[in-house]
Amino acid sequence: MVFFFTGTGNSLYAAKGIEPAPHSIPQVIHNTPLEFTADAIGIVCPVYGHEVPAMVRDGEAVHTPGSCQTCLSCVHNCPEKAIGLSIPEKNPHARYRNAHISLAEIIGANQQEKS
């Protein structure tokens, strides 16, 4: 059983390499109870500032889908490049998303729905 959190698609791509149908953390975060049983459980996620995103570290920290994870997905996926960083960027026009993962997959993977 593999769980993932992705902003640019890299973690989803890696998770799919481990398991064909990994579980999106934003999609399962509001399920109750948050108990999973398997022979092996893995988590694939990016590291921001030497830490995993808050949603991965502490599921109770996120209560609404609008909570920012500082994954920069909004910056990298804005089609008009209208969103920028408040810190200097070496190349403010560069944007990145894993070529093997569509924007629709990233959006779908990060939708939080209560079950």
# chains A, B, ... in the order shown; residues from 1 in each chain; ligands from 1
>>> select_by_dssp(residues="range 21-101 of chain A", states="strand (DSSP E)", output="mmCIF file with C-alpha atoms, in the first residue's frame")
data_model
loop_
_atom_site.group_PDB
_atom_site.id
_atom_site.type_symbol
_atom_site.label_atom_id
_atom_site.label_comp_id
_atom_site.auth_asym_id
_atom_site.auth_seq_id
_atom_site.Cartn_x
_atom_site.Cartn_y
_atom_site.Cartn_z
ATOM 1 C CA HIS A 23 -3.550 6.372 -2.597
ATOM 2 C CA SER A 24 -3.622 10.181 -2.574
ATOM 3 C CA GLY A 42 4.974 3.409 1.976
ATOM 4 C CA ILE A 43 4.748 7.172 1.698
ATOM 5 C CA VAL A 44 6.060 9.095 -1.311
#
>>> residues_around(residues="range 100-103 of chain A", least_positions_apart="6", cutoff="9 Å", atoms="only C-alpha atoms", output="list of chain:residue names")
A:Thr8, A:Gly9, A:Asn10, A:Leu12, A:Tyr13, A:Asn77
>>> atom_distance(atom1="CA of Phe3 in chain A", atom2="CA of Ile25 in chain A")
6.0 Å
>>> residues_around(residues="range 92-95 of chain A", least_positions_apart="6", cutoff="9 Å", atoms="only C-alpha atoms", output="CSV table (one decimal) with all heavy atoms, in the first residue's frame")
chain,number,residue,atom,x,y,z
A,75,VAL,N,2.3,27.8,-8.5
A,75,VAL,CA,3.3,28.5,-9.3
A,75,VAL,C,3.7,27.8,-10.6
A,75,VAL,O,3.7,28.4,-11.7
A,75,VAL,CB,4.6,28.8,-8.4
A,75,VAL,CG1,5.7,29.4,-9.3
A,75,VAL,CG2,4.3,29.6,-7.2
A,76,HIS,N,3.9,26.5,-10.4
A,76,HIS,CA,4.4,25.7,-11.6
A,76,HIS,C,3.3,25.4,-12.6
A,76,HIS,O,3.6,25.1,-13.7
A,76,HIS,CB,5.0,24.4,-11.1
A,76,HIS,CG,6.4,24.7,-10.5
A,76,HIS,ND1,7.5,24.9,-11.2
A,76,HIS,CD2,6.7,24.7,-9.2
A,76,HIS,CE1,8.5,25.1,-10.3
A,76,HIS,NE2,8.1,25.0,-9.1
A,77,ASN,N,2.0,25.4,-12.1
A,77,ASN,CA,0.9,25.0,-13.0
A,77,ASN,C,0.1,26.2,-13.5
A,77,ASN,O,-0.8,25.9,-14.3
A,77,ASN,CB,0.1,24.0,-12.3
A,77,ASN,CG,0.8,22.7,-12.2
A,77,ASN,OD1,1.2,22.1,-13.2
A,77,ASN,ND2,1.0,22.3,-11.0
A,78,CYS,N,0.3,27.4,-13.1
A,78,CYS,CA,-0.5,28.5,-13.6
A,78,CYS,C,-0.2,28.7,-15.1
A,78,CYS,O,0.9,29.0,-15.5
A,78,CYS,CB,-0.1,29.8,-12.8
A,78,CYS,SG,-1.0,31.3,-13.4
A,81,LYS,N,1.4,32.1,-15.9
A,81,LYS,CA,2.6,32.5,-15.1
A,81,LYS,C,2.3,33.7,-14.3
A,81,LYS,O,3.2,34.6,-14.1
A,81,LYS,CB,3.8,32.6,-16.0
A,81,LYS,CG,4.2,31.3,-16.6
A,81,LYS,CD,5.5,31.4,-17.4
A,81,LYS,CE,5.8,30.1,-18.1
A,81,LYS,NZ,6.9,30.2,-19.0
A,84,GLY,N,3.9,34.1,-8.7
A,84,GLY,CA,5.3,34.1,-8.6
A,84,GLY,C,5.7,33.9,-7.1
A,84,GLY,O,4.8,33.9,-6.2
A,85,LEU,N,6.9,33.8,-6.8
A,85,LEU,CA,7.4,33.7,-5.5
A,85,LEU,C,7.8,35.1,-4.9
A,85,LEU,O,8.2,36.0,-5.7
A,85,LEU,CB,8.7,32.8,-5.4
A,85,LEU,CG,8.4,31.3,-5.9
A,85,LEU,CD1,9.7,30.6,-5.9
A,85,LEU,CD2,7.4,30.6,-5.0
>>> closest_residue(among="A:Asn91, A:Asn98, A:Asn110, A:Asn31", to="Cys68 in chain A", atoms="only C-alpha atoms")
A:Asn110
>>> select_by_dssp(residues="chain A", states="helix (DSSP H, G or I)", output="ChimeraX atom specification")
/A:10-18,25-28,54-57,59-61,73-77,103-110
>>> write_last_selection(atoms="C-alpha atoms", output="CSV table (one decimal), in the first residue's frame")
chain,number,residue,atom,x,y,z
A,10,ASN,CA,7.1,13.8,-9.4
A,11,SER,CA,5.9,12.0,-6.3
A,12,LEU,CA,2.8,10.6,-8.1
A,13,TYR,CA,5.1,9.4,-10.9
A,14,ALA,CA,7.4,7.7,-8.3
A,15,ALA,CA,4.5,6.2,-6.4
A,16,LYS,CA,3.0,4.8,-9.6
A,17,GLY,CA,6.4,3.1,-10.2
A,18,ILE,CA,6.0,1.3,-6.9
A,25,ILE,CA,-3.1,11.6,0.9
A,26,PRO,CA,-5.3,14.6,0.3
A,27,GLN,CA,-8.1,12.2,-0.8
A,28,VAL,CA,-7.9,9.9,2.2
A,54,ALA,CA,2.5,19.3,7.0
A,55,MET,CA,-0.3,17.2,5.4
A,56,VAL,CA,2.0,14.2,5.4
A,57,ARG,CA,3.5,14.8,8.8
A,59,GLY,CA,-3.0,14.7,8.9
A,60,GLU,CA,-4.9,16.5,11.7
A,61,ALA,CA,-3.2,19.8,10.6
A,73,SER,CA,2.0,23.6,-7.5
A,74,CYS,CA,0.1,26.8,-8.1
A,75,VAL,CA,3.3,28.5,-9.3
A,76,HIS,CA,4.4,25.7,-11.6
A,77,ASN,CA,0.9,25.0,-13.0
A,103,LEU,CA,-2.3,18.5,-14.7
A,104,ALA,CA,-5.6,16.7,-14.5
A,105,GLU,CA,-3.9,13.9,-12.6
A,106,ILE,CA,-2.3,16.3,-10.1
A,107,ILE,CA,-5.6,18.1,-9.6
A,108,GLY,CA,-7.4,14.8,-9.1
A,109,ALA,CA,-4.8,13.5,-6.7
A,110,ASN,CA,-5.0,16.6,-4.5
